[in-house]
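One file, target_33.txt, is given below (compact mmCIF, C-alpha atoms).
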# COMPACT_ATOMS: atom_id res chain seq x y z
CA MET Y 1168 27.93 -17.20 12.38
CA THR Y 1169 28.42 -14.19 14.63
CA SER Y 1170 25.45 -12.07 15.60
CA HIS Y 1171 27.06 -9.26 13.69
CA GLU Y 1172 26.89 -11.25 10.46
CA ARG Y 1173 23.40 -12.51 11.21
CA HIS Y 1174 21.57 -9.19 11.01
CA ARG Y 1175 23.32 -8.43 7.73
CA ARG Y 1176 22.35 -11.74 6.24
CA MET Y 1177 18.81 -11.21 7.40
CA ASP Y 1178 18.60 -7.82 5.76
CA ALA Y 1179 20.11 -9.24 2.57
CA ALA Y 1180 17.45 -11.99 2.67
CA ARG Y 1181 14.76 -9.35 3.13
CA VAL Y 1182 15.94 -7.53 0.03
CA ARG Y 1183 16.19 -10.78 -1.88
CA ALA Y 1184 12.61 -11.70 -0.89
CA GLN Y 1185 11.55 -8.23 -2.05
CA LEU Y 1186 9.99 -7.30 1.27
CA THR Y 1187 9.82 -3.85 2.80
CA VAL Y 1188 10.60 -3.70 6.52
CA GLN Y 1189 6.88 -3.33 7.12
CA ASP Y 1190 6.02 -6.39 5.00
CA LEU Y 1191 8.60 -8.39 6.93
CA TRP Y 1192 7.31 -7.09 10.24
CA LEU Y 1193 3.77 -8.26 9.36
CA ARG Y 1194 5.08 -11.76 8.58
CA TYR Y 1195 7.10 -11.80 11.80
CA LEU Y 1196 4.05 -10.59 13.72
CA ALA Y 1197 1.98 -13.41 12.21
CA LEU Y 1198 4.49 -15.95 13.53
CA GLY Y 1199 4.22 -14.55 17.04
CA GLY Y 1200 7.09 -12.05 17.06
CA THR Y 1201 6.69 -9.42 19.73
CA GLY Y 1202 9.03 -6.66 18.54
CA ASP Y 1203 7.60 -3.62 16.78
CA ALA Y 1204 8.55 -2.46 13.31
CA PHE Y 1205 11.15 -0.06 14.72
CA ASP Y 1206 12.83 -2.87 16.67
CA LEU Y 1207 13.11 -4.87 13.44
CA ASP Y 1208 14.35 -1.94 11.42
CA GLY Y 1209 16.94 -1.13 14.07
CA TYR Y 1210 18.10 -4.73 14.30
CA LEU Y 1211 18.40 -5.16 10.53
CA GLN Y 1212 20.53 -2.05 10.39
CA GLY Y 1213 22.69 -3.25 13.26
CA LEU Y 1214 21.64 -0.45 15.58
CA VAL Y 1215 19.85 -2.35 18.33
CA PRO Y 1216 20.08 -5.94 19.54
CA LEU Y 1217 17.21 -8.41 19.21
CA GLU Y 1218 16.83 -11.29 21.63
CA PRO Y 1219 17.75 -14.71 20.19
CA PHE Y 1220 14.22 -16.11 20.16
CA GLN Y 1221 12.91 -13.03 18.31
CA GLN Y 1222 15.77 -13.47 15.87
CA ASP Y 1223 14.63 -17.03 15.25
CA VAL Y 1224 11.06 -15.95 14.61
CA LEU Y 1225 12.40 -13.34 12.21
CA ALA Y 1226 14.61 -15.90 10.50
CA GLN Y 1227 11.65 -18.23 10.05
CA ALA Y 1228 9.58 -15.36 8.56
CA LEU Y 1229 12.39 -14.63 6.11
CA ASN Y 1230 12.88 -18.30 5.20
CA GLU Y 1231 9.20 -18.68 4.44
CA ALA Y 1232 9.21 -15.58 2.26
CA LEU Y 1233 12.29 -16.82 0.39
CA THR Y 1234 10.72 -20.24 -0.12
CA GLU Y 1235 7.53 -18.66 -1.40
CA GLN Y 1236 9.44 -16.53 -3.82
CA TYR Y 1237 11.56 -19.44 -5.01
CA ARG Y 1238 8.48 -21.62 -5.54
CA SER Y 1239 6.72 -18.91 -7.49
CA HIS Y 1240 9.48 -19.24 -10.08
CA LEU Y 1241 9.31 -23.02 -10.42
CA ILE Y 1242 8.03 -24.30 -13.73
CA PRO Y 1243 5.37 -27.00 -13.38
CA LEU Y 1244 6.01 -30.23 -15.34
CA SER Y 1245 3.64 -31.08 -18.15
CA THR Y 1246 2.84 -34.38 -16.41
CA PRO Y 1247 1.39 -33.60 -12.99
CA THR Y 1248 3.08 -35.47 -10.17
CA ALA Y 1249 1.21 -36.97 -7.23
CA LEU Y 1250 3.31 -35.08 -4.71
CA ASP Y 1251 0.56 -32.93 -3.27
CA GLY Y 1252 -1.55 -35.69 -1.76
CA PRO Y 1253 1.21 -37.66 0.01
CA SER Y 1254 2.61 -34.38 1.32
CA ASP Y 1255 -0.62 -33.83 3.25
CA GLU Y 1256 -0.25 -37.34 4.63
CA ARG Y 1257 3.27 -36.55 5.70
CA VAL Y 1258 2.11 -33.46 7.59
CA ARG Y 1259 -0.51 -35.58 9.30
CA ARG Y 1260 2.04 -38.22 10.29
CA LEU Y 1261 4.36 -35.59 11.69
CA MET Y 1262 1.48 -34.06 13.63
CA ASP Y 1263 0.69 -37.47 15.11
CA GLN Y 1264 4.30 -37.79 16.13
CA LEU Y 1265 4.28 -34.33 17.67
CA LEU Y 1266 1.18 -35.01 19.71
CA ASN Y 1267 2.30 -38.42 20.83
CA GLU Y 1268 5.98 -38.03 21.38
CA THR Y 1269 6.47 -34.67 23.01
CA ALA Y 1270 5.82 -35.93 26.51
CA PRO Y 1271 4.71 -39.55 26.41
CA ALA Y 1272 4.96 -40.15 30.15
CA ARG Y 1273 2.79 -37.30 31.33
CA GLN Y 1274 0.27 -37.65 28.56
CA ALA Y 1275 -0.40 -41.34 28.99
CA ASP Y 1276 -3.36 -40.83 31.34
CA TYR Y 1277 -5.65 -38.74 29.21
CA GLU Y 1278 -4.15 -38.69 25.74
CA PRO Y 1279 -6.66 -40.22 23.34
CA ARG Y 1280 -5.35 -42.98 21.12
CA PRO Y 1281 -4.16 -41.85 17.68
CA ASP Y 1282 -7.14 -43.53 15.96
CA GLY Y 1283 -9.30 -43.17 19.03
CA GLY Y 1284 -12.76 -42.84 17.50
CA SER Y 1285 -12.75 -45.35 14.68
CA MET P 566 -22.97 12.45 -4.54
CA THR P 567 -23.76 13.73 -7.98
CA ASP P 568 -21.80 12.57 -10.97
CA PRO P 569 -18.52 14.51 -10.94
CA THR P 570 -18.49 14.60 -14.73
CA SER P 571 -21.70 16.60 -14.90
CA PRO P 572 -20.42 20.12 -15.27
CA ALA P 573 -21.32 23.04 -13.07
CA HIS P 574 -22.04 26.29 -14.76
CA PRO P 575 -18.80 28.05 -15.55
CA THR P 576 -19.09 31.77 -15.66
CA PRO P 577 -17.59 33.13 -18.86
CA ALA P 578 -14.48 35.12 -18.06
CA GLN P 579 -15.63 38.13 -20.01
CA LEU P 580 -18.73 38.55 -17.83
CA ARG P 581 -16.72 38.83 -14.63
CA GLU P 582 -15.44 42.14 -13.35
CA PRO P 583 -11.86 42.04 -12.16
CA GLY P 584 -11.72 41.79 -8.37
CA THR P 585 -15.22 40.34 -7.89
CA PRO P 586 -15.47 37.50 -5.40
CA PRO P 587 -15.25 33.92 -6.66
CA PRO P 588 -18.40 32.67 -8.38
CA VAL P 589 -20.99 30.66 -6.43
CA ASP P 590 -19.78 27.53 -8.22
CA LEU P 591 -16.91 27.38 -5.81
CA THR P 592 -19.21 26.71 -2.87
CA TRP P 593 -20.63 23.79 -4.78
CA ALA P 594 -17.14 22.65 -5.65
CA LEU P 595 -15.91 22.76 -2.08
CA SER P 596 -18.96 20.95 -0.73
CA GLN P 597 -18.45 18.23 -3.34
CA MET P 598 -15.01 17.59 -1.98
CA SER P 599 -16.01 17.49 1.67
CA GLY P 600 -18.74 14.98 0.81
CA LEU P 601 -16.30 12.79 -1.04
CA LEU P 602 -14.07 12.36 1.96
CA LEU P 603 -16.96 10.82 3.86
CA SER P 604 -18.51 8.68 1.18
CA ARG P 605 -16.61 7.63 -1.92
CA GLU P 606 -13.11 7.87 -0.66
CA THR P 607 -11.04 6.37 -3.43
CA VAL P 608 -8.02 8.12 -4.84
CA ASP P 609 -9.24 7.78 -8.41
CA THR P 610 -12.64 9.28 -7.67
CA ALA P 611 -10.98 12.10 -5.77
CA LEU P 612 -8.60 12.87 -8.63
CA GLU P 613 -11.36 12.75 -11.20
CA LEU P 614 -13.44 15.10 -9.11
CA VAL P 615 -10.59 17.53 -8.59
CA THR P 616 -9.79 17.76 -12.31
CA THR P 617 -13.44 18.17 -13.21
CA LEU P 618 -13.87 20.89 -10.63
CA ALA P 619 -10.77 22.72 -11.83
CA ALA P 620 -12.05 22.58 -15.39
CA THR P 621 -15.56 23.75 -14.55
CA THR P 622 -14.63 26.54 -12.17
CA THR P 623 -12.21 28.22 -14.57
CA ALA P 624 -13.80 29.61 -17.70
CA GLY P 625 -12.68 28.56 -21.16
CA THR P 626 -10.65 25.59 -19.95
CA LEU P 627 -9.78 22.98 -22.55
CA GLY P 628 -8.46 20.40 -20.14
CA ALA P 629 -7.42 20.00 -16.54
CA ALA P 630 -5.09 17.59 -14.80
CA VAL P 631 -3.54 16.80 -11.47
CA THR P 632 0.12 15.94 -11.04
CA LEU P 633 0.89 14.02 -7.90
CA VAL P 634 4.51 13.73 -6.92
CA ASP P 635 5.20 10.82 -4.61
CA GLU P 636 7.84 8.21 -3.97
CA HIS P 637 7.18 6.81 -7.43
CA GLY P 638 8.40 10.02 -9.04
CA LYS P 639 6.52 12.63 -10.98
CA ARG P 640 3.28 11.37 -12.40
CA SER P 641 0.13 12.79 -13.88
CA LYS P 642 -2.55 10.91 -12.03
CA ALA P 643 -5.65 12.24 -13.70
CA ALA P 644 -6.42 14.29 -16.77
CA SER P 645 -9.79 15.40 -18.05
CA ASN P 646 -8.84 14.84 -21.68
CA ALA P 647 -6.09 13.64 -24.00
CA ALA P 648 -4.62 17.10 -24.62
CA ALA P 649 -4.08 17.69 -20.91
CA GLU P 650 -2.57 14.24 -20.55
CA GLN P 651 -0.17 14.84 -23.43
CA ALA P 652 0.80 18.26 -22.15
CA ASP P 653 1.59 16.67 -18.79
CA ALA P 654 3.53 13.82 -20.33
CA LEU P 655 5.70 16.37 -22.15
CA GLN P 656 6.57 18.04 -18.85
CA TYR P 657 7.88 14.77 -17.43
CA GLU P 658 9.68 13.98 -20.66
CA PHE P 659 11.48 17.34 -20.74
CA ASP P 660 11.65 17.51 -16.96
CA GLU P 661 10.49 21.10 -17.21
CA GLY P 662 7.20 22.96 -17.30
CA PRO P 663 4.81 25.09 -15.25
CA CYS P 664 3.46 22.31 -13.04
CA LEU P 665 6.86 21.01 -12.02
CA THR P 666 7.84 24.60 -11.21
CA ALA P 667 4.59 25.19 -9.30
CA TRP P 668 5.19 22.00 -7.33
CA ALA P 669 8.84 22.84 -6.60
CA THR P 670 8.38 26.54 -5.74
CA ARG P 671 4.92 26.15 -4.15
CA GLU P 672 3.78 29.22 -6.08
CA PRO P 673 1.12 29.38 -8.79
CA VAL P 674 2.46 29.60 -12.34
CA ARG P 675 0.60 31.27 -15.18
CA ILE P 676 1.52 31.21 -18.83
CA ASP P 677 -0.43 33.76 -20.87
CA ASP P 678 0.81 32.58 -24.24
CA THR P 679 2.92 29.51 -24.87
CA THR P 680 4.12 30.93 -28.19
CA THR P 681 5.81 33.91 -26.50
CA ASP P 682 6.65 32.66 -23.00
CA GLY P 683 10.39 32.05 -22.68
CA ARG P 684 10.60 30.26 -19.31
CA TRP P 685 10.19 26.68 -20.54
CA PRO P 686 11.10 26.99 -24.23
CA ARG P 687 11.03 23.31 -25.19
CA TRP P 688 7.80 22.53 -23.39
CA ASN P 689 6.06 25.71 -24.60
CA GLN P 690 6.97 24.95 -28.16
CA ALA P 691 5.74 21.37 -27.91
CA VAL P 692 2.39 22.14 -26.28
CA SER P 693 1.60 25.05 -28.56
CA ARG P 694 1.65 22.48 -31.35
CA LEU P 695 -0.92 20.49 -29.32
CA GLY P 696 -3.15 23.57 -29.28
CA VAL P 697 -2.41 24.66 -25.71
CA ARG P 698 -1.92 28.43 -25.52
CA SER P 699 -2.43 29.44 -21.90
CA VAL P 700 -1.82 27.57 -18.66
CA LEU P 701 -2.55 28.07 -14.99
CA SER P 702 -0.91 25.72 -12.51
CA THR P 703 -1.34 25.78 -8.74
CA PRO P 704 0.68 23.78 -6.20
CA LEU P 705 -1.05 21.27 -3.95
CA VAL P 706 0.36 21.87 -0.49
CA THR P 707 -0.70 20.13 2.73
CA GLY P 708 1.07 21.04 5.91
CA ASP P 709 4.74 21.26 5.09
CA GLU P 710 4.53 19.04 2.08
CA SER P 711 4.04 19.90 -1.56
CA ILE P 712 2.29 16.84 -3.02
CA GLY P 713 1.89 18.03 -6.60
CA ALA P 714 0.05 20.55 -8.72
CA MET P 715 -3.32 20.98 -10.38
CA LYS P 716 -3.46 22.76 -13.68
CA VAL P 717 -5.82 23.96 -16.38
CA TYR P 718 -5.00 24.34 -20.06
CA CYS P 719 -6.74 26.58 -22.60
CA GLU P 720 -6.48 26.75 -26.37
CA ARG P 721 -6.78 30.57 -26.32
CA PRO P 722 -3.97 32.86 -25.20
CA MET P 723 -4.48 35.22 -22.23
CA ASN P 724 -7.35 33.11 -20.89
CA TYR P 725 -6.45 33.14 -17.21
CA GLY P 726 -6.21 36.18 -14.97
CA PRO P 727 -5.61 36.96 -11.29
CA HIS P 728 -9.19 35.99 -10.57
CA ASP P 729 -8.71 32.46 -11.90
CA GLU P 730 -5.51 32.29 -9.91
CA GLN P 731 -7.46 33.11 -6.77
CA VAL P 732 -10.12 30.50 -7.55
CA MET P 733 -7.53 27.85 -8.28
CA ARG P 734 -5.66 28.68 -5.11
CA LEU P 735 -8.79 28.14 -3.03
CA LEU P 736 -9.62 24.97 -4.88
CA ALA P 737 -6.07 23.66 -4.61
CA SER P 738 -5.90 24.10 -0.85
CA GLN P 739 -9.03 21.95 -0.45
CA ALA P 740 -7.96 19.48 -3.12
CA ALA P 741 -4.59 19.00 -1.43
CA ILE P 742 -6.26 18.10 1.87
CA LEU P 743 -8.65 15.77 0.09
CA LEU P 744 -5.95 14.00 -1.90
CA ALA P 745 -3.60 13.67 1.06
CA ASN P 746 -6.40 12.21 3.17
CA THR P 747 -7.69 9.79 0.56
CA GLN P 748 -4.18 8.52 0.03
CA SER P 749 -3.59 7.97 3.73
CA LEU P 750 -7.02 6.37 4.07
CA VAL P 751 -6.23 3.87 1.32
CA GLU P 752 -2.89 3.17 3.01
CA ALA P 753 -4.58 2.75 6.40
CA ARG P 754 -7.11 0.32 4.94
CA ARG P 755 -4.41 -1.75 3.34
CA LEU P 756 -2.44 -1.93 6.58
CA SER P 757 -5.54 -2.76 8.57
CA ARG P 758 -6.35 -5.67 6.25
CA GLN P 759 -2.77 -6.95 6.43
CA LEU P 760 -2.77 -6.67 10.21
CA THR P 761 -6.00 -8.62 10.46
CA ASP P 762 -4.48 -11.40 8.36
CA ALA P 763 -1.28 -11.34 10.38
CA LEU P 764 -3.20 -11.57 13.65
CA ALA P 765 -5.24 -14.55 12.42
CA GLY P 766 -1.96 -16.36 11.69
CA ARG P 767 -0.57 -15.30 15.02
CA ASP P 768 -3.60 -16.77 16.79
CA ALA P 769 -3.03 -20.15 15.17
CA VAL P 770 0.68 -20.13 16.04
CA ALA P 771 -0.03 -19.08 19.64
CA GLN P 772 -2.65 -21.79 20.13
CA ALA P 773 -0.47 -24.46 18.57
CA THR P 774 2.33 -23.34 20.88
CA GLY P 775 -0.09 -23.80 23.76
CA VAL P 776 -0.93 -27.33 22.62
CA LEU P 777 2.76 -28.23 22.49
CA LEU P 778 3.29 -26.75 25.95
CA ALA P 779 0.46 -28.90 27.26
CA GLN P 780 2.19 -31.84 25.58
CA GLY P 781 5.23 -31.10 27.66
CA ALA P 782 7.35 -28.69 25.63
CA ALA P 783 9.78 -26.99 27.99
CA ASN P 784 8.88 -23.43 27.01
CA ARG P 785 7.40 -21.32 24.23
CA GLN P 786 10.71 -21.06 22.46
CA GLU P 787 11.03 -24.82 22.28
CA ALA P 788 7.43 -25.16 21.14
CA PHE P 789 8.02 -22.65 18.37
CA ALA P 790 11.23 -24.41 17.37
CA THR P 791 9.26 -27.68 17.08
CA LEU P 792 6.65 -26.03 14.86
CA ALA P 793 9.36 -24.41 12.74
CA ALA P 794 11.26 -27.71 12.40
CA THR P 795 8.09 -29.48 11.26
CA ALA P 796 7.34 -26.65 8.84
CA ASN P 797 10.80 -26.87 7.36
CA ARG P 798 10.71 -30.66 7.06
CA THR P 799 7.48 -30.49 5.08
CA GLY P 800 8.21 -27.28 3.23
CA ARG P 801 5.04 -25.69 4.63
CA PRO P 802 4.71 -22.36 6.41
CA VAL P 803 4.56 -22.46 10.20
CA GLU P 804 1.05 -21.02 10.13
CA GLU P 805 -0.19 -23.97 8.08
CA ILE P 806 1.47 -26.46 10.40
CA ALA P 807 -0.05 -24.70 13.39
CA SER P 808 -3.53 -24.83 11.84
CA ALA P 809 -3.10 -28.50 10.91
CA LEU P 810 -2.03 -29.31 14.45
CA LEU P 811 -5.02 -27.48 15.91
CA SER P 812 -7.52 -29.21 13.66
CA LEU P 813 -5.98 -32.59 14.46
CA VAL P 814 -6.29 -31.90 18.18
CA ALA P 815 -9.90 -30.78 17.71
CA THR P 816 -10.70 -33.92 15.70
CA ARG P 817 -9.19 -36.16 18.37
CA ASN P 818 -11.03 -34.40 21.13
CA ASN P 819 -14.31 -34.83 19.28
CA ASP P 820 -13.59 -38.53 18.69
CA HIS P 821 -12.68 -38.87 22.33
CA ALA P 822 -15.86 -37.14 23.46
CA ASP P 823 -17.98 -39.40 21.26
CA ASN P 824 -16.68 -42.53 22.96
Transcribe the structure of this file into structure tokens.
Amino acid sequence: MTSHERHRRMDAARVRAQLTVQDLWLRYLALGGTGDAFDLDGYLQGLVPLEPFQQDVLAQALNEALTEQYRSHLIPLSTPTALDGPSDERVRRLMDQLLNETAPARQADYEPRPDGGS
Amino acid sequence: MTDPTSPAHPTPAQLREPGTPPPVDLTWALSQMSGLLLSRETVDTALELVTTLAATTTAGTLGAAVTLVDEHGKRSKAASNAAAEQADALQYEFDEGPCLTAWATREPVRIDDTTTDGRWPRWNQAVSRLGVRSVLSTPLVTGDESIGAMKVYCERPMNYGPHDEQVMRLLASQAAILLANTQSLVEARRLSRQLTDALAGRDAVAQATGVLLAQGAANRQEAFATLAATANRTGRPVEEIASALLSLVATRNNDHADN
């Protein structure tokens, strides 16, 4: 995907997620984006460039908004599934992996064991 | 602040000499508005106050209303009674009427008798059936912007004169400032609340990024990418993943400290 296409797709996603530029900017800000609302507006309209990392933060903000919107339309089943609990477990497992695997060599000295206290 | 629905003491039109200064009520009216800006600054309260003041400072008024024109199109935001509300609704339905003209031209519009006035034939005909015979409408202008109109309706013809026009003009200039400010205040509050929320999320993401950097992530970009990848694998927002990571680190540190 060329950068030219990317800003268009992002603006289309913004419209699809029913966000104003300001709403989107607030979400992007919450994720750590450092551009101001005018930078975003300019980028979405193809007027000014946005550095790749900022584009990724923006893309993540849009993806989350799209997911939220999609989920809000899902119809719950009459029989509740047990998906919520295990999902928390999964997050926890992934966190453990993150903390243990990112730099095993350097961390070995002072990294507490995964089940350190118990 | 006193209850805006408790009326002042309208001076009957017939007792006033033409050309006399506005009645003392206006001082009370203006001070009510300046107090509102500092204390009960909600748009609804402001609108209610403005319509009540318009009704009480012009003699013989049946009903008063404020039309605010914003990005949502023409809308009557407050009316002191059903007749005023209906008369307003008819203006939007026909897309014609004194208030829309007052708003567009930024000049006061007075109708002495709706049964003989020929400027807005459809609207005049419709409201005369509602019992509205005379109308005075004044534009609400702040700076360069016309934000709407405030108007008073009367069931008697020839009720409003140049004096009422002058009173309404004074009232409208204050009301316009009040309404413009309350609206921007509400907007500023909303933005401030959203910003506070956004910054709380940003804190979590920044701290989680720091944790991953301490774990050996090459740079902030890579740390963010890791958080985003985890978020996408679990279908959770990045902020939630960041918070989960931080609480896990805190738990481990506590466990570690206990040993």
Query raised in the report: Looking at only C-alpha atoms, which of Y:Ala1226, Y:Leu1214, Y:Ala1204, Y:Leu1193 is the one that sits closest to chain P?
Result: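 That would be Y:Leu1193, the residue with the smallest distance to chain P.
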Requested in this report: Could you list the residues in chain P lying within 10 Å of chain Y, using all atoms listed in the file, and format the result as a ChimeraX atom specification?
Outcome: /P:756,759-771,774,776-783,785-807,809-811,813-814,816-824
Query raised in the report: To one decimal place, how far is CA of Arg1183 in chain Y from CA of Gln748 in chain P in Å?
Result: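 If I compute the distance from CA of Arg1183 in chain Y to CA of Gln748 in chain P, I get 28.1 Å.
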Requested in this report: Could you please determine the separation between CA of Gly683 in chain P and CA of Val631 in chain P in Å, to one decimal place?
Outcome: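 Result for CA of Gly683 in chain P versus CA of Val631 in chain P: 23.5 Å, one decimal.
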Query raised in the report: Which protein, DNA or RNA residues have an atom at most 12 Å from (9.7, -1.6, 5.3), counting only C-alpha atoms? List them as a PyMOL selection string.
Result: chain Y and resi 1178+1181-1182+1185-1194+1203-1209+1211-1212
**Report entry** Computed interatomic separation between CA of Thr610 in chain P and CA of Leu743 in chain P (Å)
**Finding:**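 Between CA of Thr610 in chain P and CA of Leu743 in chain P the gap is 10.9 Å.
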Query raised in the report: Leaving out Ala1184 in chain Y and any residue of its chain fewer than 6 positions from it, which residues lie within 8 Å of it when counting only C-alpha atoms, given as a VMD selection string?
Result: chain Y and resid 1229 1232 to 1233 1236
Requested in this report: Using only C-alpha atoms, pick whichever of Y:His1174, Y:Arg1238, Y:Ala1180, Y:Arg1260 has the shortest atom-to-atom distance to Val1215 in chain Y.
Outcome: Y:His1174
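Using all atoms listed in the file, the residues found no farther than 12 Å from Gly708 in chain P, other than those of its own chain fewer than 6 positions away, are P:Arg671, P:Ser738, P:Gln739, P:Ala741, P:Ile742, P:Ala745, P:Asn746.
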Written selection (C-alpha atoms) as a short mmCIF file (atom, residue, chain, number, x, y, z; two decimals), in the frame of the given file:
data_model
loop_
_atom_site.label_atom_id
_atom_site.label_comp_id
_atom_site.auth_asym_id
_atom_site.auth_seq_id
_atom_site.Cartn_x
_atom_site.Cartn_y
_atom_site.Cartn_z
CA ARG P 671 4.92 26.15 -4.15
CA SER P 738 -5.90 24.10 -0.85
CA GLN P 739 -9.03 21.95 -0.45
CA ALA P 741 -4.59 19.00 -1.43
CA ILE P 742 -6.26 18.10 1.87
CA ALA P 745 -3.60 13.67 1.06
CA ASN P 746 -6.40 12.21 3.17
#
Incomplete range 667-687 of chain P brought to N, CA and C atoms, written out as a short mmCIF file (atom, residue, chain, number, x, y, z; two decimals), in the frame of the given file:
data_model
loop_
_atom_site.label_atom_id
_atom_site.label_comp_id
_atom_site.auth_asym_id
_atom_site.auth_seq_id
_atom_site.Cartn_x
_atom_site.Cartn_y
_atom_site.Cartn_z
N ALA P 667 5.58 24.88 -10.34
CA ALA P 667 4.59 25.19 -9.30
C ALA P 667 4.77 24.27 -8.11
N TRP P 668 5.00 22.98 -8.40
CA TRP P 668 5.19 22.00 -7.33
C TRP P 668 6.47 22.33 -6.53
N ALA P 669 7.55 22.63 -7.25
CA ALA P 669 8.84 22.84 -6.60
C ALA P 669 8.88 24.16 -5.82
N THR P 670 8.30 25.22 -6.39
CA THR P 670 8.38 26.54 -5.74
C THR P 670 7.20 26.80 -4.81
N ARG P 671 6.16 25.99 -4.93
CA ARG P 671 4.92 26.15 -4.15
C ARG P 671 4.23 27.46 -4.45
N GLU P 672 4.44 27.99 -5.65
CA GLU P 672 3.78 29.22 -6.08
C GLU P 672 3.02 28.94 -7.37
N PRO P 673 1.85 29.56 -7.54
CA PRO P 673 1.12 29.38 -8.79
C PRO P 673 1.95 29.87 -9.99
N VAL P 674 1.76 29.20 -11.12
CA VAL P 674 2.46 29.60 -12.34
C VAL P 674 1.43 29.84 -13.43
N ARG P 675 1.54 30.97 -14.11
CA ARG P 675 0.60 31.27 -15.18
C ARG P 675 1.37 31.53 -16.45
N ILE P 676 0.94 30.90 -17.52
CA ILE P 676 1.52 31.21 -18.83
C ILE P 676 0.41 31.84 -19.67
N ASP P 677 0.62 33.08 -20.11
CA ASP P 677 -0.43 33.76 -20.87
C ASP P 677 -0.44 33.33 -22.33
N ASP P 678 0.76 33.06 -22.86
CA ASP P 678 0.81 32.58 -24.24
C ASP P 678 2.04 31.70 -24.42
N THR P 679 1.80 30.44 -24.75
CA THR P 679 2.92 29.51 -24.87
C THR P 679 3.81 29.83 -26.07
N THR P 680 3.29 30.62 -27.02
CA THR P 680 4.12 30.93 -28.19
C THR P 680 5.11 32.06 -27.90
N THR P 681 4.88 32.81 -26.80
CA THR P 681 5.81 33.91 -26.50
C THR P 681 6.53 33.73 -25.17
N ASP P 682 6.03 32.84 -24.32
CA ASP P 682 6.65 32.66 -23.00
C ASP P 682 8.03 32.00 -23.16
N GLY P 683 9.03 32.56 -22.49
CA GLY P 683 10.39 32.05 -22.68
C GLY P 683 10.92 31.23 -21.52
N ARG P 684 10.08 30.92 -20.51
CA ARG P 684 10.60 30.26 -19.31
C ARG P 684 10.87 28.77 -19.51
N TRP P 685 10.00 28.11 -20.29
CA TRP P 685 10.19 26.68 -20.54
C TRP P 685 10.13 26.46 -22.06
N PRO P 686 11.17 26.90 -22.77
CA PRO P 686 11.10 26.99 -24.23
C PRO P 686 10.70 25.67 -24.92
N ARG P 687 11.32 24.57 -24.49
CA ARG P 687 11.03 23.31 -25.19
C ARG P 687 9.59 22.88 -24.98
#
